[in-house]
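Novice: One structure is given below, represented as structure tokens, and several questions about it will come after.
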Amino acid sequence: MIKDFPLIKFVIYFALGIVLQRLFEFEPFLTLEIFILSAAAILFFLIFKKYYEPVLVSFLSVILLVSFGALYLSVFSMNPVNYPFEKEKIKNAEIFGTIKKIKLPREGRIDLIISADSILAKNEKYYLKSDILCFLKIKSEKRLSKLFNEISIGNYASLKAVIRKGKTMRNPGEFDYQAYLEGKNIVATASAKNAGSLKISDGSKAFFANAVFEVRKSIDGIFRKYYDKRAASLLRGVILADRGEIDYKTKQYFVNAGVIHILAVSGLHVGFIVLIFFLLSGRFNLKLKFAFTIAGIVFFLILTESPPSVFRASIMAIALIIAFWTNRSYNAFNAIAFAGLVILALNPAELFHPGFQLSFSAVLSILIFYPIFSEYINEKITNNLSRKIVLFSAVSIAAQIGTIPFTLFYFKKLSVIALFANLLVIPLIGFIISLGILTIITAFLSVWLTTVYAAANGALIDALFWLVQTAGSWEFSYLDVTRFSTFDSVLFYSLLALFLYFRKMIVNAKAKIVFILLLVGNFFLYAQIDDENLLPENKLSIVSIDIGQGDSFLIKFPNNKIALVDAGNATFGYDAGKMTIEPLLKNFGISKIDYAFVSHLDADHYKGYLSLIKDGFVRKVFKPAIDSSLKKDVKFERLLRRNKIPFSYYHKTFMDIGGTRLYILNDTADAYFENLDTNNKSGIMKLCYGKNAILFTGDLEKRGEVYYVNKYDGFLKSQILKVGHHGSKSSASERFLEAVNPELGIISVGSTNNFGHPSPLIIDRLKNDNVKILRTDKSGALILTFDGDKYTIINWREM
């Protein structure tokens with residue numbers, strides 16, 4: 001019976017049902033039938049007590065709760081949130097709807113969510129009820145500020161913008177941004193480039209939501225006024241739960257140092273809020289202190305817009321205060337269970353969001369492991385100061401034990417200095433939050449006092465950034481763990497449960513150590529069960545990386561040497577080398593690129609190399625001969641020399657690598673070749689392995705194709721062709737295709753490119769020649785493996 005189960009068990013079984021429904025997508029009628037039958041069976045045993053069987057009723061109760069969780073998610077998901085258009089990019093669209101949320105402004109940008117009721121696109125109106133995340137990019141600070149102060153939550157507005165589908169998982173191990181958005185009930189993104197794109201047609205306001213927004217805006221204004229940009233961005237993150245102004249590189253330092261949790265407002269921050277409000281109410285009687293502190297917690301919860309971690313911590317803190325207030329016992333497990341139940345009741349999909357998982361796993365782990373640690377520490381350490389320091393460390397260790405699977409799964413890094421860093425960072429962030437709140441309060445009282453507090457806090461924030469950047473930049477600060485799966489997580493928690501179950505049964509200390517070592521050994525042994533090697537040993541593997549509009553091909557030779565042919569582009573908003581290729585290399589366990597081929601110096605082919613070179617991934621570069629009239633070419637070679645990377649110019653030759661032969665076909669001694677333009681001077685390479693060959697063509701166009709056909713003719717024949725210039729109509733001429741005679745054509749192209757690539761003319765030409773076409777804009781990354789006799793196209797999404 002449910003009443004016989006503690007709340008924590010109820011929530012665990014309810015959550016298990018949600019997980020099973022997400023994994024197996026049971027039919028609602030099936031889960032409803034199971035729920036009704038189990039409920040009816042339990043009712044029968046309650047009525048006819050002579051048939052009552054405790055074990056059977058307990059089992060039926062579990063089935064009841066699990067089926068209820070599954071049914072709840074299926075009912076909640078009956079109206080799924082999906083991108084509403086066939087095309088991934090809709091130009092010149094106009095969105096009509098109510099402004100649901102306005103985020104604090106970033107540099108040159110305002111983000112808001114419009115609850116759209118209709119969209120006008122290409123003179124056709126689409127009616128829908130969906131949220132759209134909108135980005136207004138406004139260069140003028142004055143115009144941005146003016147618009148930000150004019151708009152309010154609840155306004156009915158129209159926005160002329162470009163609508164885009166969020167980026168899906170395009171390469172192995174990548175984050176699926178569209179799935180994340182849909183989990184937040186957002187169907188698409190939209191971007192506009194001027195303030196005039198947004199028109200307010202109804203000035204109605206949502207009173208409460210807008211009042212909260214105005215408070216957030218006022219506090220952010222105080223931070224901007226009294227702090228420098230970097231300090232203001234941190235305070236916005238730790239007090240207002242908006243870390244959008246903290247740049248990517250800084251966040252990576254926090255991840256490396258194992259202190260990224262301080263940037264996500266959570267129980268730590270709520271604890272500081274409780275302490276601050278309790279101290280501020282120093283002269284009040286105890287009941288007023290409790291009431292004032294609870295009010296402070298609720299205010300902070302509303303101010304931060306109630307993320308799961310803050311909601312969980314707030315419920316637990318309020319429950320603890322009420323227990324003290326009413327002289328009742330406090331059960332932390334019931335408190336956290338109640339918080340989880342409320343969150344899942346409001347939105348069961350929250351169970352699959354990182355914030356929920358990290359927050360609840362950390363606190364549960366502290367509740368379970370800290371008493372074990374503290375018992376041992378209090379027994380073994382007699383010095384008071386030493387004991388307090390070790391006990392403080394024990395809290396951090398306990399939290400890290402519970403969050404390891406989620407940390408590895410989402411961040412793919414294990415910080416080895418987290419314990420040391422947290423010892424310094426957590427007290428520091430406590431002072432920073434306290435002074436930040438004092439800055440807010442004194443801003444309404446005294447400019448001089450606020451300036452003093454802000455100056456002191458600014459110094460602490462500088463110290464925090466210095467500490468994190470220093471620790472996070474050490475080479476030994478973290479380990480890359482790129483293949484941690486859901487199975488590994490289940491295995492980890494199962495072995496952890498075994499440890500807790502047998503811990504008290506094993507009395508001998510040596511036996512406990514042996515038991516722990518056996519558990520660790522079993523984890524590493526069985527964690528390999530689901531490991532799938534996308535780039536198998538002793539085979540040639542080629543990955544057409546989806547880096548958007550551009551080229552990038554990763555080659556793993558049978559002897560494990562690595563080559564990269566081009567590296568895509570690097571713009572202000574997206575660096576293919578840093579944000580796509582580096583994570584992919586780490587996902588494959590690749591630390592160095594032995595041969596880096598730059599087909600030519602177009603941005604969408606070489607700029608991604610800049611970060612790869614700076615970050616130490618590249619051993620040697622092959623490129624076209626320098627064109628001293630191109631500043632970018634001169635700068636690129638200067639970068640190579642500065643980083644002491646050897647480089648060679650293309651010339652007619654071949655390289656034997658691990659049983660393959662790589663031919664470079666550029667004949668720089670040919671006078672005609674020297675008169676070709678940069679696209680047609682692209683590095684042209686034919687890679688042969690056994691019976692198979694693949695031809696890489698860079699941005700080769702018709703004039704260059706004619707040259708190569710005349711020069712090499714039958715030698716160009718290859719089973720696989722990297723179609724030149726992203727499938728532009730200027731490439732893949734009929735004569736060239738006849739010479740190559742490919743059976744497979746790979747087109748590397750961005751899904752929403754502005755060039756019309758690939759050309760329908762080229763697609764038809766390839767189809768007419770019976771060439772199978774694979775496109776990165778349609779399929780994402782493409783992986784091919786070769787054994788010398790045949791090649792295989794790998795479905796990496798299924799693996």
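By order of appearance in the structure tokens: chains A, B, ..., then residues from 1 within every chain, and ligands from 1 in the order shown.
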If we count only C-alpha atoms and set the cut-off at 12 Å, which residues sit around Gln357 (chain A), ignoring sequence neighbours fewer than 3 positions away in its own chain? Please answer as a list in words.
Specialist: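 In the requested form, the answer reads Ala15, Pro308, Ser309, Arg312, Gly340, Ile343, Leu344, Ala349, Glu350, Leu351, Phe352, His353, Pro354, Phe360, Ser361, Ala362, Val363, Leu364, Ser365, Gly402, Thr403, Ile404, Pro405, Phe406, Thr407, Phe409 and Tyr410 of chain A.
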Novice: Any chance you could list, as an NGL selection string, the residues in region 352-593 of chain A that come up alpha helix (DSSP H) when DSSP is run on the backbone?
Specialist: :A and (354-380 or 384-411 or 418-442 or 447-473 or 486-502 or 509-526 or 576 or 582-587)
Novice: Work out how far CA of Leu234 (chain A) is from CA of Ile318 (chain A), in Å to one decimal.
Specialist: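 We find that CA of Ile318 (chain A) and CA of Leu234 (chain A) lie 26.5 Å from each other.
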Novice: Looking at A:Phe135, A:Asp176, A:Ile302, A:Gly296, which one is nearest to Arg216 (chain A), with distances taken over only C-alpha atoms?
Specialist: A:Ile302
Novice: Counting only C-alpha atoms, which residue out of A:Tyr370, A:Phe278, A:Phe254, A:Phe14 sits closest to Gln400 (chain A)?
Specialist: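 Distance minimum relative to Gln400 (chain A) lands on A:Tyr370.
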Novice: Within 12 Å of Lys165 (chain A), counting only C-alpha atoms, which residues show up once you throw out same-chain ones fewer than 2 positions away? Write them as a PyMOL selection string, please.
Specialist: chain A and resi 82-90+132-134+162-163+167-168+176-182+186-191+751-752
Novice: Would you put the residues from that selection into a file with C-alpha atoms, as a PDB file, in the first residue's frame?
Specialist:
```
ATOM      1  CA  ASN A  82       7.976  19.970 -32.695  1.00  0.00           C
ATOM      2  CA  TYR A  83       9.514  22.315 -35.237  1.00  0.00           C
ATOM      3  CA  PRO A  84       6.523  23.269 -37.428  1.00  0.00           C
ATOM      4  CA  PHE A  85       8.187  23.761 -40.834  1.00  0.00           C
ATOM      5  CA  GLU A  86       9.774  21.507 -43.420  1.00  0.00           C
ATOM      6  CA  LYS A  87      12.647  23.898 -44.173  1.00  0.00           C
ATOM      7  CA  GLU A  88      15.186  24.507 -41.424  1.00  0.00           C
ATOM      8  CA  LYS A  89      15.441  28.198 -42.270  1.00  0.00           C
ATOM      9  CA  ILE A  90      12.503  30.508 -43.082  1.00  0.00           C
ATOM     10  CA  ILE A 132       9.710  30.857 -30.149  1.00  0.00           C
ATOM     11  CA  LEU A 133      13.062  32.014 -28.756  1.00  0.00           C
ATOM     12  CA  CYS A 134      13.876  35.316 -30.467  1.00  0.00           C
ATOM     13  CA  VAL A 162      14.531  34.696 -39.877  1.00  0.00           C
ATOM     14  CA  ILE A 163      13.165  31.532 -38.256  1.00  0.00           C
ATOM     15  CA  LYS A 167      20.903  22.727 -34.138  1.00  0.00           C
ATOM     16  CA  THR A 168      20.354  18.997 -33.759  1.00  0.00           C
ATOM     17  CA  ASP A 176      21.113  18.347 -29.408  1.00  0.00           C
ATOM     18  CA  TYR A 177      20.050  21.979 -29.018  1.00  0.00           C
ATOM     19  CA  GLN A 178      16.682  21.485 -30.733  1.00  0.00           C
ATOM     20  CA  ALA A 179      15.759  18.672 -28.333  1.00  0.00           C
ATOM     21  CA  TYR A 180      16.794  20.939 -25.441  1.00  0.00           C
ATOM     22  CA  LEU A 181      14.548  23.727 -26.769  1.00  0.00           C
ATOM     23  CA  GLU A 182      11.623  21.361 -27.245  1.00  0.00           C
ATOM     24  CA  ILE A 186      10.215  26.099 -27.537  1.00  0.00           C
ATOM     25  CA  VAL A 187       9.761  25.034 -31.172  1.00  0.00           C
ATOM     26  CA  ALA A 188      12.253  27.268 -32.972  1.00  0.00           C
ATOM     27  CA  THR A 189      14.573  30.267 -32.815  1.00  0.00           C
ATOM     28  CA  ALA A 190      14.189  33.548 -34.672  1.00  0.00           C
ATOM     29  CA  SER A 191      16.725  36.300 -35.301  1.00  0.00           C
ATOM     30  CA  SER A 751      21.872  23.187 -44.054  1.00  0.00           C
ATOM     31  CA  THR A 752      20.902  26.873 -44.116  1.00  0.00           C
TER      32      THR A 752
END
```
Novice: Excluding Leu20 (chain A) and residues on its chain fewer than 3 positions from it, collect all residues at most 10 Å away from it, counting only C-alpha atoms, and give them as a ChimeraX atom specification.
Specialist: /A:15-17,23-26,66-67,69-70,73
Novice: Using only C-alpha atoms, find the one residue out of A:Phe786, A:Phe755, A:Phe333, A:Trp325 that sits nearest to Ile12 (chain A).
Specialist: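 Using only C-alpha atoms, Ile12 (chain A) sits closest to A:Phe333.
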Novice: Rounded to one decimal, what separation in Å do you get between CA of Phe324 (chain A) and CA of Ile294 (chain A)?
Specialist: 12.3 Å
Novice: Any idea what's packed within 8 Å of region 592-598 of chain A, counting only C-alpha atoms, ignoring anything in its chain fewer than 3 positions away? Could you give it as a PyMOL selection string?
Specialist: chain A and resi 561-567+601+605-606+616-624+683
Novice: Which residue out of A:His757, A:Val255, A:Phe499, A:Val634 has the minimum interatomic distance to Leu479 (chain A) when only C-alpha atoms are used?
Specialist: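 Going through A:His757, A:Val255, A:Phe499, A:Val634 one by one, the smallest distance to Leu479 (chain A) is for A:Val255.
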Novice: Give me the region 685-768 of chain A side of the contact with region 637-659 of chain A, cut-off 12 Å, one line per residue showing its nearest atom pair and distance in Å at one decimal, counting only C-alpha atoms, sorted by chain and residue number, as a tab-separated table.
Specialist:
```
residue	atom	partner	partner_atom	distance
A:Met685	CA	A:Phe654	CA	9.1
A:Lys686	CA	A:Phe654	CA	9.2
A:Leu687	CA	A:Met655	CA	9.4
A:Cys688	CA	A:Gly659	CA	9.1
A:Tyr689	CA	A:Gly659	CA	7.1
A:Gly690	CA	A:Gly659	CA	8.5
A:Lys711	CA	A:Lys652	CA	11.9
A:Tyr712	CA	A:Lys652	CA	11.8
```
Novice: Using only C-alpha atoms, determine which residues lie at most 12 Å from region 30-38 of chain A, disregarding the query and same-chain residues fewer than 2 positions distant; provide the list as a PyMOL selection string.
Specialist: chain A and resi 1+17-18+20-21+24-28+40-45+56-75
Novice: Measuring between only C-alpha atoms, which one of A:Thr439, A:Ser158, A:Gln469, A:Ser748 shows the shortest distance to Asp220 (chain A)?
Specialist: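 For Asp220 (chain A), the nearest of the given residues is A:Thr439.
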Novice: What's the separation between CA of Ser733 (chain A) and CA of Leu700 (chain A), in Å to one decimal place?
Specialist: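 Between CA of Ser733 (chain A) and CA of Leu700 (chain A) the gap works out to 10.4 Å.
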Novice: Which is closest to Asp117 (chain A) among A:Leu391, A:Ser374, A:Lys101, A:Phe96, if we use only C-alpha atoms?
Specialist: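 Between A:Leu391, A:Ser374, A:Lys101, A:Phe96, the residue approaching Asp117 (chain A) most closely is A:Phe96.
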